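Shown here: work38.csv, CSV, C-alpha atoms.
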chain,number,residue,atom,x,y,z
A,1,MET,CA,58.4,122.3,83.6
A,2,SER,CA,56.5,120.6,86.3
A,3,SER,CA,58.5,118.3,88.6
A,4,SER,CA,56.2,115.3,88.1
A,5,ALA,CA,56.7,115.5,84.3
A,6,ALA,CA,60.5,115.8,84.8
A,7,ALA,CA,60.6,112.6,86.8
A,8,GLN,CA,58.7,110.6,84.2
A,9,PRO,CA,61.2,108.1,82.6
A,10,PRO,CA,61.2,107.8,78.9
A,11,ASN,CA,59.3,104.8,77.4
A,12,GLY,CA,60.9,101.5,78.2
A,13,ALA,CA,63.3,102.8,80.9
A,14,PRO,CA,63.0,101.4,84.4
A,15,PRO,CA,60.7,103.4,86.6
A,16,LEU,CA,62.3,106.2,88.5
A,17,ALA,CA,61.9,106.9,92.2
A,18,HIS,CA,59.8,109.8,93.3
A,19,ALA,CA,61.3,113.2,92.6
A,20,PRO,CA,63.3,114.3,95.6
A,21,THR,CA,61.9,117.2,97.8
A,22,HIS,CA,63.8,120.4,98.1
A,23,ALA,CA,65.3,119.3,101.5
A,24,GLU,CA,66.4,116.0,100.0
A,25,LEU,CA,68.1,117.8,97.1
A,26,PHE,CA,69.9,120.2,99.5
A,27,LEU,CA,71.0,117.3,101.8
A,28,ALA,CA,72.0,115.1,98.9
A,29,PHE,CA,74.4,117.6,97.5
A,30,LEU,CA,75.7,118.6,101.0
A,31,ARG,CA,76.5,114.9,101.6
A,32,ILE,CA,78.2,114.7,98.2
A,33,THR,CA,80.5,117.6,99.0
A,34,ILE,CA,81.3,116.3,102.5
A,35,SER,CA,82.2,112.8,101.3
A,36,GLY,CA,83.5,113.9,97.9
A,37,PHE,CA,87.3,114.0,98.6
A,38,GLY,CA,89.0,113.8,95.2
A,39,GLY,CA,86.2,114.7,92.9
A,40,THR,CA,82.5,115.2,93.3
A,41,LEU,CA,81.4,113.8,90.0
A,42,PRO,CA,81.6,110.1,90.7
A,43,TRP,CA,79.7,110.6,94.0
A,44,THR,CA,77.0,112.6,92.2
A,45,ARG,CA,76.5,109.9,89.6
A,46,ARG,CA,76.4,107.2,92.2
A,47,MET,CA,73.8,108.9,94.3
A,48,PHE,CA,71.5,110.2,91.5
A,49,VAL,CA,71.6,107.2,89.2
A,50,GLU,CA,72.5,104.2,91.3
A,51,GLU,CA,71.4,104.8,94.8
A,52,LYS,CA,68.3,107.0,94.7
A,53,LYS,CA,67.4,106.4,91.0
A,54,TRP,CA,66.3,110.1,90.6
A,55,MET,CA,67.7,109.9,87.0
A,56,THR,CA,68.4,107.4,84.3
A,57,ALA,CA,72.0,106.9,83.2
A,58,GLU,CA,71.1,108.3,79.8
A,59,GLU,CA,69.6,111.5,81.3
A,60,PHE,CA,72.7,111.9,83.5
A,61,ASN,CA,75.0,111.7,80.5
A,62,ASP,CA,72.9,114.2,78.5
A,63,VAL,CA,73.0,116.8,81.3
A,64,TYR,CA,76.7,116.1,81.9
A,65,ALA,CA,77.5,116.6,78.2
A,66,LEU,CA,75.6,119.9,78.1
A,67,CYS,CA,77.4,121.2,81.2
A,68,GLN,CA,80.8,120.1,80.0
A,69,PHE,CA,80.5,122.4,77.0
A,70,LEU,CA,78.8,125.4,78.6
A,71,PRO,CA,81.0,128.1,80.3
A,72,GLY,CA,81.4,128.3,84.0
A,73,PRO,CA,82.2,125.8,86.8
A,74,ASN,CA,80.8,122.7,85.1
A,75,ILE,CA,80.0,120.7,88.2
A,76,VAL,CA,78.2,123.6,89.8
A,77,ASN,CA,76.1,124.1,86.7
A,78,LEU,CA,75.4,120.4,86.7
A,79,THR,CA,73.9,120.5,90.3
A,80,ALA,CA,71.7,123.4,89.3
A,81,VAL,CA,70.4,121.6,86.2
A,82,PHE,CA,69.7,118.5,88.2
A,83,GLY,CA,67.8,120.5,90.8
A,84,SER,CA,65.8,122.3,88.1
A,85,ARG,CA,64.9,119.0,86.4
A,86,MET,CA,63.6,117.6,89.7
A,87,ARG,CA,61.9,120.6,91.3
A,88,GLY,CA,62.0,123.6,88.9
A,89,TRP,CA,63.8,126.8,89.8
A,90,THR,CA,63.5,126.4,93.5
A,91,GLY,CA,64.9,122.9,93.2
A,92,ALA,CA,67.9,124.4,91.3
A,93,VAL,CA,68.5,126.9,94.2
A,94,ALA,CA,68.2,124.1,96.8
A,95,ALA,CA,70.7,121.8,94.9
A,96,TRP,CA,73.1,124.7,94.1
A,97,THR,CA,73.1,125.9,97.7
A,98,GLY,CA,73.5,122.4,99.1
A,99,PHE,CA,76.5,121.9,96.8
A,100,LEU,CA,78.3,125.1,97.6
A,101,VAL,CA,77.7,125.7,101.3
A,102,PHE,CA,80.2,123.2,102.7
A,103,PRO,CA,83.1,124.1,100.3
A,104,PHE,CA,82.3,127.8,100.9
A,105,PHE,CA,82.7,127.7,104.6
A,106,LEU,CA,85.7,125.4,104.3
A,107,MET,CA,87.4,128.0,102.1
A,108,ILE,CA,86.5,130.8,104.4
A,109,ALA,CA,88.1,128.9,107.2
A,110,ALA,CA,91.2,128.2,105.0
A,111,GLY,CA,91.3,131.9,104.2
A,112,VAL,CA,91.2,132.9,107.9
A,113,LEU,CA,94.0,130.4,108.7
A,114,TYR,CA,96.0,131.6,105.7
A,115,ALA,CA,95.7,135.3,106.7
A,116,GLN,CA,96.9,134.3,110.2
A,117,TYR,CA,99.8,132.0,109.4
A,118,SER,CA,100.9,132.6,105.8
A,119,ASP,CA,104.3,133.9,107.1
A,120,VAL,CA,105.1,130.7,109.0
A,121,ALA,CA,108.0,129.0,107.2
A,122,ALA,CA,106.7,125.5,107.7
A,123,LEU,CA,103.3,126.4,106.1
A,124,GLN,CA,105.1,128.1,103.2
A,125,ARG,CA,107.0,124.9,102.6
A,126,VAL,CA,103.9,122.7,102.7
A,127,LEU,CA,102.1,125.1,100.3
A,128,GLY,CA,105.2,124.9,98.0
A,129,GLY,CA,104.8,121.2,97.8
A,130,LEU,CA,101.1,121.4,97.3
A,131,ALA,CA,101.4,123.9,94.5
A,132,ALA,CA,103.8,121.6,92.7
A,133,ALA,CA,101.4,118.7,93.0
A,134,ALA,CA,98.5,120.9,91.9
A,135,ALA,CA,100.4,121.8,88.8
A,136,GLY,CA,101.0,118.1,88.1
A,137,LEU,CA,97.3,117.4,88.5
A,138,LEU,CA,96.5,120.2,86.0
A,139,ILE,CA,98.9,118.8,83.5
A,140,ALA,CA,97.4,115.3,83.7
A,141,THR,CA,93.9,116.8,83.2
A,142,VAL,CA,95.1,118.6,80.1
A,143,ILE,CA,96.6,115.5,78.6
A,144,LYS,CA,93.4,113.6,79.3
A,145,MET,CA,91.3,116.3,77.7
A,146,ALA,CA,93.6,116.8,74.7
A,147,ALA,CA,94.2,113.2,73.8
A,148,PRO,CA,90.9,112.6,71.9
A,149,LEU,CA,91.5,115.9,69.9
A,150,PHE,CA,94.9,114.9,68.7
A,151,LEU,CA,93.9,111.4,67.7
A,152,LYS,CA,91.5,112.7,65.0
A,153,LEU,CA,92.2,114.6,61.8
A,154,GLY,CA,90.7,118.2,61.8
A,155,PRO,CA,91.2,121.8,62.8
A,156,ALA,CA,90.7,121.1,66.6
A,157,PRO,CA,94.4,120.5,67.6
A,158,LEU,CA,95.4,123.8,65.9
A,159,VAL,CA,92.7,125.7,67.7
A,160,ALA,CA,93.7,124.2,71.0
A,161,LEU,CA,97.4,125.1,70.4
A,162,ALA,CA,96.5,128.6,69.3
A,163,THR,CA,94.4,129.2,72.4
A,164,ALA,CA,97.0,127.7,74.8
A,165,GLY,CA,99.7,129.9,73.1
A,166,ALA,CA,97.7,133.1,73.1
A,167,ILE,CA,96.7,132.8,76.8
A,168,GLY,CA,99.5,130.7,78.3
A,169,LEU,CA,102.5,132.2,76.5
A,170,MET,CA,101.5,135.6,75.1
A,171,ARG,CA,99.3,136.3,78.2
A,172,TRP,CA,96.7,138.1,76.1
A,173,PRO,CA,93.4,139.0,77.8
A,174,LEU,CA,90.8,136.2,77.8
A,175,VAL,CA,88.0,138.3,76.3
A,176,ALA,CA,90.0,139.4,73.3
A,177,VAL,CA,91.3,135.9,72.6
A,178,LEU,CA,87.9,134.3,72.8
A,179,ALA,CA,86.3,137.0,70.7
A,180,VAL,CA,88.6,136.0,67.8
A,181,LEU,CA,89.2,132.3,68.3
A,182,ALA,CA,85.7,131.1,69.3
A,183,PRO,CA,84.0,132.3,66.0
A,184,VAL,CA,87.0,131.1,64.0
A,185,SER,CA,86.9,127.7,65.7
A,186,ILE,CA,83.1,127.3,65.2
A,187,MET,CA,83.5,128.2,61.5
A,188,LEU,CA,86.3,125.8,61.0
A,189,ALA,CA,84.3,123.0,62.7
A,190,TRP,CA,81.3,123.9,60.4
A,191,TRP,CA,83.5,123.8,57.3
A,192,TRP,CA,85.2,120.6,58.4
A,193,GLY,CA,81.8,118.9,59.1
A,194,ARG,CA,80.5,119.8,55.6
A,195,ARG,CA,83.5,118.8,53.6
B,1,MET,CA,92.0,144.2,103.7
B,2,ARG,CA,89.7,146.6,101.9
B,3,ASP,CA,86.0,146.3,102.3
B,4,ASP,CA,84.6,149.2,100.3
B,5,GLY,CA,81.9,148.9,97.7
B,6,ALA,CA,84.2,149.6,94.7
B,7,VAL,CA,86.2,146.5,95.5
B,8,LEU,CA,83.1,144.4,95.9
B,9,PHE,CA,81.8,145.6,92.6
B,10,THR,CA,85.1,144.9,90.9
B,11,LEU,CA,85.0,141.4,92.3
B,12,ALA,CA,81.5,140.8,91.2
B,13,PHE,CA,81.9,142.2,87.8
B,14,GLN,CA,85.3,140.5,87.0
B,15,PHE,CA,84.2,137.0,88.2
B,16,ALA,CA,80.8,137.2,86.5
B,17,MET,CA,82.5,138.1,83.3
B,18,MET,CA,85.1,135.4,83.7
B,19,SER,CA,82.5,132.7,84.5
B,20,LEU,CA,80.7,133.4,81.2
B,21,LEU,CA,84.0,132.9,79.3
B,22,ALA,CA,85.1,129.9,81.3
B,23,PHE,CA,84.8,127.3,78.6
B,24,GLY,CA,86.3,124.2,80.2
B,25,GLY,CA,85.3,125.0,83.7
B,26,ALA,CA,87.0,127.0,86.5
B,27,ASN,CA,90.5,125.7,85.5
B,28,ALA,CA,90.1,127.5,82.2
B,29,VAL,CA,90.2,130.9,83.8
B,30,VAL,CA,93.1,130.5,86.2
B,31,PRO,CA,95.3,132.6,83.9
B,32,GLU,CA,92.7,135.4,83.8
B,33,ILE,CA,92.2,135.3,87.6
B,34,HIS,CA,96.0,135.6,87.9
B,35,ARG,CA,96.1,138.4,85.4
B,36,GLN,CA,93.4,140.3,87.2
B,37,ALA,CA,94.4,139.6,90.8
B,38,VAL,CA,98.2,140.0,90.5
B,39,GLU,CA,98.9,142.1,87.4
B,40,ILE,CA,96.0,144.4,87.0
B,41,GLN,CA,94.3,144.9,90.4
B,42,GLY,CA,97.4,144.2,92.5
B,43,TRP,CA,95.3,142.3,95.1
B,44,MET,CA,98.2,139.9,95.9
B,45,ASN,CA,101.6,138.8,94.7
B,46,GLY,CA,102.4,135.7,92.6
B,47,ARG,CA,103.4,133.6,95.6
B,48,GLN,CA,100.1,134.3,97.4
B,49,PHE,CA,98.2,133.4,94.3
B,50,ALA,CA,100.1,130.1,94.0
B,51,ASP,CA,99.3,129.4,97.7
B,52,LEU,CA,95.6,130.1,97.3
B,53,PHE,CA,95.4,128.0,94.1
B,54,ALA,CA,97.2,125.1,95.9
B,55,ILE,CA,94.8,125.3,98.8
B,56,ALA,CA,91.7,125.3,96.6
B,57,GLN,CA,93.0,122.3,94.6
B,58,ALA,CA,94.0,120.3,97.7
B,59,ALA,CA,90.7,120.9,99.6
B,60,PRO,CA,87.7,118.8,98.9
B,61,GLY,CA,85.1,120.5,96.7
B,62,PRO,CA,85.1,121.9,93.2
B,63,ASN,CA,88.2,123.8,91.8
B,64,VAL,CA,86.1,126.9,91.4
B,65,MET,CA,86.5,127.6,95.1
B,66,ILE,CA,89.7,129.5,94.4
B,67,VAL,CA,87.4,132.5,93.8
B,68,THR,CA,86.1,132.3,97.3
B,69,LEU,CA,89.7,132.4,98.6
B,70,VAL,CA,90.6,135.3,96.3
B,71,GLY,CA,87.4,137.2,97.3
B,72,PHE,CA,88.1,136.6,101.0
B,73,HIS,CA,91.7,137.7,100.6
B,74,VAL,CA,90.6,140.9,99.0
B,75,ALA,CA,87.5,141.9,101.0
B,76,GLY,CA,86.9,139.4,103.9
B,77,PHE,CA,83.8,137.3,104.3
B,78,THR,CA,81.6,139.6,102.1
B,79,GLY,CA,84.3,139.4,99.4
B,80,GLY,CA,84.3,135.6,99.5
B,81,LEU,CA,80.5,135.6,99.3
B,82,VAL,CA,80.3,138.1,96.4
B,83,ALA,CA,83.1,136.3,94.4
B,84,THR,CA,81.4,132.9,94.9
B,85,PHE,CA,78.0,134.2,93.8
B,86,ALA,CA,79.4,136.0,90.8
B,87,MET,CA,81.4,133.0,89.6
B,88,CYS,CA,78.8,130.3,90.3
B,89,GLY,CA,75.4,132.1,89.8
B,90,PRO,CA,75.1,133.5,86.3
B,91,THR,CA,76.3,130.4,84.4
B,92,ALA,CA,74.0,128.1,86.6
B,93,VAL,CA,71.0,130.2,85.5
B,94,LEU,CA,72.2,130.0,81.9
B,95,ALA,CA,72.7,126.2,82.1
B,96,CYS,CA,69.2,125.7,83.5
B,97,PHE,CA,67.7,127.8,80.7
B,98,LEU,CA,69.6,126.0,78.0
B,99,SER,CA,69.0,122.5,79.3
B,100,ARG,CA,65.3,123.1,78.6
B,101,THR,CA,65.8,124.2,75.0
B,102,TRP,CA,69.1,122.6,73.9
B,103,ASP,CA,67.7,119.1,73.3
B,104,ARG,CA,65.4,120.5,70.7
B,105,PHE,CA,68.4,121.4,68.5
B,106,ARG,CA,70.1,118.1,69.1
B,107,GLU,CA,70.3,117.2,65.4
B,108,LYS,CA,70.8,120.7,64.0
B,109,PRO,CA,74.1,121.1,62.2
B,110,TRP,CA,74.9,124.6,63.7
B,111,ARG,CA,74.6,123.0,67.2
B,112,VAL,CA,77.1,120.3,66.3
B,113,ALA,CA,79.5,123.0,64.9
B,114,VAL,CA,79.1,125.2,68.0
B,115,GLN,CA,79.8,122.2,70.3
B,116,ALA,CA,82.7,120.9,68.1
B,117,GLY,CA,84.2,124.4,67.8
B,118,LEU,CA,84.2,125.1,71.6
B,119,VAL,CA,85.7,121.8,72.7
B,120,PRO,CA,89.3,122.6,71.4
B,121,ILE,CA,89.0,126.1,72.9
B,122,SER,CA,88.3,124.7,76.3
B,123,VAL,CA,91.2,122.3,76.0
B,124,GLY,CA,93.5,125.2,75.0
B,125,LEU,CA,92.3,127.3,78.0
B,126,VAL,CA,93.0,124.5,80.5
B,127,ALA,CA,96.4,123.9,78.8
B,128,ALA,CA,97.2,127.6,79.2
B,129,SER,CA,96.4,127.3,82.9
B,130,ALA,CA,98.7,124.4,83.2
B,131,ILE,CA,101.5,126.3,81.5
B,132,ILE,CA,101.1,129.4,83.6
B,133,PHE,CA,100.6,127.6,86.9
B,134,THR,CA,103.5,125.3,86.4
B,135,GLY,CA,105.7,128.3,85.7
B,136,ILE,CA,104.6,129.8,89.1
B,137,ALA,CA,104.8,126.6,91.2
B,138,VAL,CA,107.9,124.9,89.8
B,139,HIS,CA,111.0,126.9,90.9
B,140,ASN,CA,113.5,124.1,91.6
B,141,TRP,CA,114.2,120.5,90.5
B,142,VAL,CA,112.4,118.9,93.5
B,143,ALA,CA,109.2,120.8,92.7
B,144,MET,CA,109.7,119.8,89.1
B,145,LEU,CA,110.0,116.2,90.2
B,146,ILE,CA,106.8,116.4,92.3
B,147,THR,CA,105.0,118.0,89.4
B,148,VAL,CA,106.1,115.3,86.9
B,149,ALA,CA,105.4,112.5,89.4
B,150,THR,CA,101.9,113.8,90.2
B,151,ALA,CA,101.1,114.2,86.5
B,152,ALA,CA,102.2,110.7,85.7
B,153,LEU,CA,100.4,109.1,88.7
B,154,ALA,CA,97.2,111.1,88.0
B,155,TYR,CA,97.3,110.1,84.3
B,156,TRP,CA,98.2,106.4,84.5
B,157,THR,CA,96.8,105.4,87.9
B,158,ARG,CA,93.5,105.8,89.7
B,159,PHE,CA,95.2,107.0,92.9
B,160,ASN,CA,93.0,109.4,94.9
B,161,PRO,CA,94.7,112.8,94.4
B,162,LEU,CA,94.4,113.3,98.1
B,163,TRP,CA,97.4,110.9,98.6
B,164,LEU,CA,99.4,112.7,96.1
B,165,PHE,CA,98.7,116.1,97.8
B,166,GLY,CA,99.6,114.5,101.1
B,167,ALA,CA,102.9,113.2,99.9
B,168,ALA,CA,103.7,116.5,98.2
B,169,SER,CA,103.0,118.5,101.3
B,170,LEU,CA,105.2,116.2,103.4
B,171,MET,CA,108.0,116.7,100.9
B,172,GLY,CA,107.5,120.4,101.2
B,173,LEU,CA,107.4,120.3,105.0
B,174,ALA,CA,110.7,118.3,105.0
B,175,GLY,CA,112.2,121.3,103.2
B,176,PHE,CA,112.8,119.8,99.8
B,177,VAL,CA,110.8,122.2,97.7

Kindly transcribe the structure held in the file into C-alpha cells.
Amino acid sequence: MSSSAAAQPPNGAPPLAHAPTHAELFLAFLRITISGFGGTLPWTRRMFVEEKKWMTAEEFNDVYALCQFLPGPNIVNLTAVFGSRMRGWTGAVAAWTGFLVFPFFLMIAAGVLYAQYSDVAALQRVLGGLAAAAAGLLIATVIKMAAPLFLKLGPAPLVALATAGAIGLMRWPLVAVLAVLAPVSIMLAWWWGRR
Amino acid sequence: MRDDGAVLFTLAFQFAMMSLLAFGGANAVVPEIHRQAVEIQGWMNGRQFADLFAIAQAAPGPNVMIVTLVGFHVAGFTGGLVATFAMCGPTAVLACFLSRTWDRFREKPWRVAVQAGLVPISVGLVAASAIIFTGIAVHNWVAMLITVATAALAYWTRFNPLWLFGAASLMGLAGFV
C-alpha cells in the first residue's frame, strides 16, 4: 500500500492533512505516551483525528474495532496499524517504537528501583495499596466490558462465564482453554446468527 | 538474576505465545503470566508478582508493560527488552497484515461469527484476571475497601485513575493495608 493512497480520504469526507513523515509518527506517539497519564487511547484519537487530521473519525473507529478483537496488546497493535496506513511497514516500526520507548525505559527504571528497595517496609505498604486499587480498576473494566453481553439474549454470557471459571477458578492453562472454547464459541455465534 | 540464553529463550517463547492468545489485550493474560512466572518457572513469589502488576498499572503507558518488569526481574535489561519485543512484536505484525485484508470480508457471515465468538472469550479472560488478581491483592478489609471504592469510582465517574492510585498508595503508606 503506498502512503499517498492511504492518506486519500473516502469520497465526500473532509480532506486529510498530508501523511505524517516517519519522524512525525515517532514523535507523535512519543508525545502521546509522555502526556498520556490514565490511558493513551483518548490522546491518540485527539491527535490523529482532531489535531493533525491524519485520519477520519470513521477510519479511526474501523482500525480500533479490528485491534479490539485481535489478540495482543490492543493499543500497541493500534499504533502499528496507524503507522502502516500512513507510511507502510517502516511507518509501522516508527509508530510502534515511538509508542513503546518511553514506557519501556520507565519500566526499566521502576525495575531498578524495585530491585533496590523492594524490602523497604514503607514501599511494601505503598505497593499494597496500589495493588488493591489496581484490582478495583480491573473489576470496573470487566463490568464495562461484560455489560453489553449480558443485556442481550444469546450464548455470549455463558461463554464468558465458562472462560472466567476455567481460567480464574480452575486455573487451567490458557492454551488448552482457548483450544476448546474459541471454536465452540465461534460455532455458537454462527448458529445463533443463523437461527 | 540469571542472564543465560535459556532464560531469554523461555521469556521470548512464553510471551510470544501468550500475546497470540491475548484476546482482550494484555489484561487477558495476567493469569497466564502469573501461572508461568510464579507457579511453573518460579521466577518470583506471589507478592512480587502483585507488586510488579501494581507498578505497571499505576505507571503511565499501556498495561502490557508488566512484561517488561517481569523480563527485567528475571534477566535484567536484556530480559526486559526480549519480553517487550516478544509480547508486542508478533501481534503488531499480524494486525498490520490483517488490517489490509480484513475489510474485504466485512460482510461475510464467517467473519461476523468469528468476531462475535471471540468477544465473550475476551470478556471472560479479563474477568479471570480480575478474579485472580483480586485474590492476590486483597488480604484484609481495608484492601477490600480500596478495591471496592476504586471499582465503583472507576465505573461510575470519569475520575482520572491516577488520583485513585494516589489515594490508595497514601492509605497503604499510612499502614492501613

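Nearest residue to A:Ala179, choosing from B:Ile33, B:Ile40, B:Ile121, B:Leu8 and counting only C-alpha atoms: B:Ile121.
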
From B:Ile136, B:Gly117, B:Val74, B:Phe97, residue lying nearest chain A [only C-alpha atoms]: B:Gly117

Atom pair atom CA of A:Val177 / atom CA of B:Ala137: separation (Å):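 For atom CA of A:Val177 relative to atom CA of B:Ala137, the distance reads 24.8 Å.
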
Shell around A:Ala23 at 10 Å using all atoms listed in the file, local window under 2 positions removed, as a list in words: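 Final neighbour list, sorted by chain and number: Pro20, Thr21, Leu25, Phe26, Leu27, Ala28, Gly91, Ala94, Ala95 and Gly98 of chain A.
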
Selected residue, from B:Asn45, B:Gln115, B:Asn160, B:Thr150, that lies nearest to A:Ala189 when counting only C-alpha atoms: B:Gln115

Contacts of stretch 43-45 of chain A within 12 Å, all atoms listed in the file, excl. fewer than 2 positions in-chain, as number ranges by chain: A: 25, 28-41, 47-61, 63-64, 75-76, 78-79, 82, 95, 99; B: 61

Hey, can you spit out that residue selection with C-alpha atoms as a PDB file, in the frame of the given file?
ATOM      1  CA  LEU A  25      68.100 117.800  97.100  1.00  0.00           C
ATOM      2  CA  ALA A  28      72.000 115.100  98.900  1.00  0.00           C
ATOM      3  CA  PHE A  29      74.400 117.600  97.500  1.00  0.00           C
ATOM      4  CA  LEU A  30      75.700 118.600 101.000  1.00  0.00           C
ATOM      5  CA  ARG A  31      76.500 114.900 101.600  1.00  0.00           C
ATOM      6  CA  ILE A  32      78.200 114.700  98.200  1.00  0.00           C
ATOM      7  CA  THR A  33      80.500 117.600  99.000  1.00  0.00           C
ATOM      8  CA  ILE A  34      81.300 116.300 102.500  1.00  0.00           C
ATOM      9  CA  SER A  35      82.200 112.800 101.300  1.00  0.00           C
ATOM     10  CA  GLY A  36      83.500 113.900  97.900  1.00  0.00           C
ATOM     11  CA  PHE A  37      87.300 114.000  98.600  1.00  0.00           C
ATOM     12  CA  GLY A  38      89.000 113.800  95.200  1.00  0.00           C
ATOM     13  CA  GLY A  39      86.200 114.700  92.900  1.00  0.00           C
ATOM     14  CA  THR A  40      82.500 115.200  93.300  1.00  0.00           C
ATOM     15  CA  LEU A  41      81.400 113.800  90.000  1.00  0.00           C
ATOM     16  CA  MET A  47      73.800 108.900  94.300  1.00  0.00           C
ATOM     17  CA  PHE A  48      71.500 110.200  91.500  1.00  0.00           C
ATOM     18  CA  VAL A  49      71.600 107.200  89.200  1.00  0.00           C
ATOM     19  CA  GLU A  50      72.500 104.200  91.300  1.00  0.00           C
ATOM     20  CA  GLU A  51      71.400 104.800  94.800  1.00  0.00           C
ATOM     21  CA  LYS A  52      68.300 107.000  94.700  1.00  0.00           C
ATOM     22  CA  LYS A  53      67.400 106.400  91.000  1.00  0.00           C
ATOM     23  CA  TRP A  54      66.300 110.100  90.600  1.00  0.00           C
ATOM     24  CA  MET A  55      67.700 109.900  87.000  1.00  0.00           C
ATOM     25  CA  THR A  56      68.400 107.400  84.300  1.00  0.00           C
ATOM     26  CA  ALA A  57      72.000 106.900  83.200  1.00  0.00           C
ATOM     27  CA  GLU A  58      71.100 108.300  79.800  1.00  0.00           C
ATOM     28  CA  GLU A  59      69.600 111.500  81.300  1.00  0.00           C
ATOM     29  CA  PHE A  60      72.700 111.900  83.500  1.00  0.00           C
ATOM     30  CA  ASN A  61      75.000 111.700  80.500  1.00  0.00           C
ATOM     31  CA  VAL A  63      73.000 116.800  81.300  1.00  0.00           C
ATOM     32  CA  TYR A  64      76.700 116.100  81.900  1.00  0.00           C
ATOM     33  CA  ILE A  75      80.000 120.700  88.200  1.00  0.00           C
ATOM     34  CA  VAL A  76      78.200 123.600  89.800  1.00  0.00           C
ATOM     35  CA  LEU A  78      75.400 120.400  86.700  1.00  0.00           C
ATOM     36  CA  THR A  79      73.900 120.500  90.300  1.00  0.00           C
ATOM     37  CA  PHE A  82      69.700 118.500  88.200  1.00  0.00           C
ATOM     38  CA  ALA A  95      70.700 121.800  94.900  1.00  0.00           C
ATOM     39  CA  PHE A  99      76.500 121.900  96.800  1.00  0.00           C
TER      40      PHE A  99
ATOM     41  CA  GLY B  61      85.100 120.500  96.700  1.00  0.00           C
TER      42      GLY B  61
END

Pick from A:Ala156, A:Ala176, A:Met86, A:Met170, whichever lies nearest to B:Leu118 using all atoms listed in the file: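 Smallest separation from B:Leu118 among the options: A:Ala156.
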
Pick from B:Gln57, B:Ser122, B:Thr134, B:Thr10, whichever lies nearest to A:Phe69 using all atoms listed in the file: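 Ranking B:Gln57, B:Ser122, B:Thr134, B:Thr10 by distance to A:Phe69, first place goes to B:Ser122.
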
Nearest residue to A:Trp191 from the set B:Phe53, B:Trp163, B:Phe72, B:Trp110 (distances using all atoms listed in the file):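 Among the listed residues, the smallest separation from A:Trp191 belongs to B:Trp110.
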
Nearby residues (all atoms listed in the file) at most 8 Å from B:Ala168, same-chain spacing under 4 positions excluded, as a PyMOL selection string: (chain A and resi 126+129-130+132-133) or (chain B and resi 146+164+172)

Selection: 10 Å around B:Gly71, only C-alpha atoms, excl. self and same-chain fewer than 3 positions, as a list in words: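 In the requested format, the answer is Ile108 and Gly111 of chain A; Val7, Leu8, Leu11, Ala12, Phe15, Ala37, Trp43, Met65, Ile66, Val67, Thr68, Val74, Ala75, Gly76, Phe77, Thr78, Gly79, Gly80, Leu81, Val82, Ala83 and Thr84 of chain B.
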
Can you give me all heavy atoms for stretch 28-32 of chain A, written as a PDB file, in the coordinates of the input?
ATOM      1  N   ALA A  28      71.277 115.976  99.784  1.00  0.00           N
ATOM      2  CA  ALA A  28      72.000 115.100  98.900  1.00  0.00           C
ATOM      3  C   ALA A  28      73.320 115.725  98.466  1.00  0.00           C
ATOM      4  O   ALA A  28      74.394 115.119  98.546  1.00  0.00           O
ATOM      5  CB  ALA A  28      71.174 114.693  97.690  1.00  0.00           C
ATOM      6  N   PHE A  29      73.240 116.985  98.037  1.00  0.00           N
ATOM      7  CA  PHE A  29      74.400 117.600  97.500  1.00  0.00           C
ATOM      8  C   PHE A  29      75.382 118.023  98.688  1.00  0.00           C
ATOM      9  O   PHE A  29      76.601 118.017  98.523  1.00  0.00           O
ATOM     10  CB  PHE A  29      74.088 118.856  96.692  1.00  0.00           C
ATOM     11  CG  PHE A  29      73.732 118.456  95.294  1.00  0.00           C
ATOM     12  CD1 PHE A  29      72.437 118.532  94.830  1.00  0.00           C
ATOM     13  CD2 PHE A  29      74.715 117.949  94.451  1.00  0.00           C
ATOM     14  CE1 PHE A  29      72.121 118.128  93.544  1.00  0.00           C
ATOM     15  CE2 PHE A  29      74.407 117.549  93.166  1.00  0.00           C
ATOM     16  CZ  PHE A  29      73.107 117.637  92.713  1.00  0.00           C
ATOM     17  N   LEU A  30      74.806 118.329  99.845  1.00  0.00           N
ATOM     18  CA  LEU A  30      75.700 118.600 101.000  1.00  0.00           C
ATOM     19  C   LEU A  30      76.473 117.336 101.316  1.00  0.00           C
ATOM     20  O   LEU A  30      77.685 117.396 101.531  1.00  0.00           O
ATOM     21  CB  LEU A  30      74.786 118.997 102.200  1.00  0.00           C
ATOM     22  CG  LEU A  30      75.550 119.353 103.475  1.00  0.00           C
ATOM     23  CD1 LEU A  30      76.403 120.588 103.247  1.00  0.00           C
ATOM     24  CD2 LEU A  30      74.582 119.614 104.624  1.00  0.00           C
ATOM     25  N   ARG A  31      75.806 116.181 101.302  1.00  0.00           N
ATOM     26  CA  ARG A  31      76.500 114.900 101.600  1.00  0.00           C
ATOM     27  C   ARG A  31      77.562 114.632 100.552  1.00  0.00           C
ATOM     28  O   ARG A  31      78.655 114.169 100.878  1.00  0.00           O
ATOM     29  CB  ARG A  31      75.472 113.769 101.624  1.00  0.00           C
ATOM     30  CG  ARG A  31      75.763 112.742 102.698  1.00  0.00           C
ATOM     31  CD  ARG A  31      74.777 111.602 102.623  1.00  0.00           C
ATOM     32  NE  ARG A  31      75.276 110.541 101.753  1.00  0.00           N
ATOM     33  CZ  ARG A  31      74.496 109.586 101.253  1.00  0.00           C
ATOM     34  NH1 ARG A  31      73.201 109.566 101.513  1.00  0.00           N
ATOM     35  NH2 ARG A  31      75.012 108.640 100.509  1.00  0.00           N
ATOM     36  N   ILE A  32      77.231 114.913  99.293  1.00  0.00           N
ATOM     37  CA  ILE A  32      78.200 114.700  98.200  1.00  0.00           C
ATOM     38  C   ILE A  32      79.471 115.464  98.456  1.00  0.00           C
ATOM     39  O   ILE A  32      80.574 114.947  98.340  1.00  0.00           O
ATOM     40  CB  ILE A  32      77.590 114.996  96.852  1.00  0.00           C
ATOM     41  CG1 ILE A  32      76.610 113.900  96.444  1.00  0.00           C
ATOM     42  CG2 ILE A  32      78.680 115.146  95.789  1.00  0.00           C
ATOM     43  CD1 ILE A  32      75.741 114.262  95.254  1.00  0.00           C
TER      44      ILE A  32
END
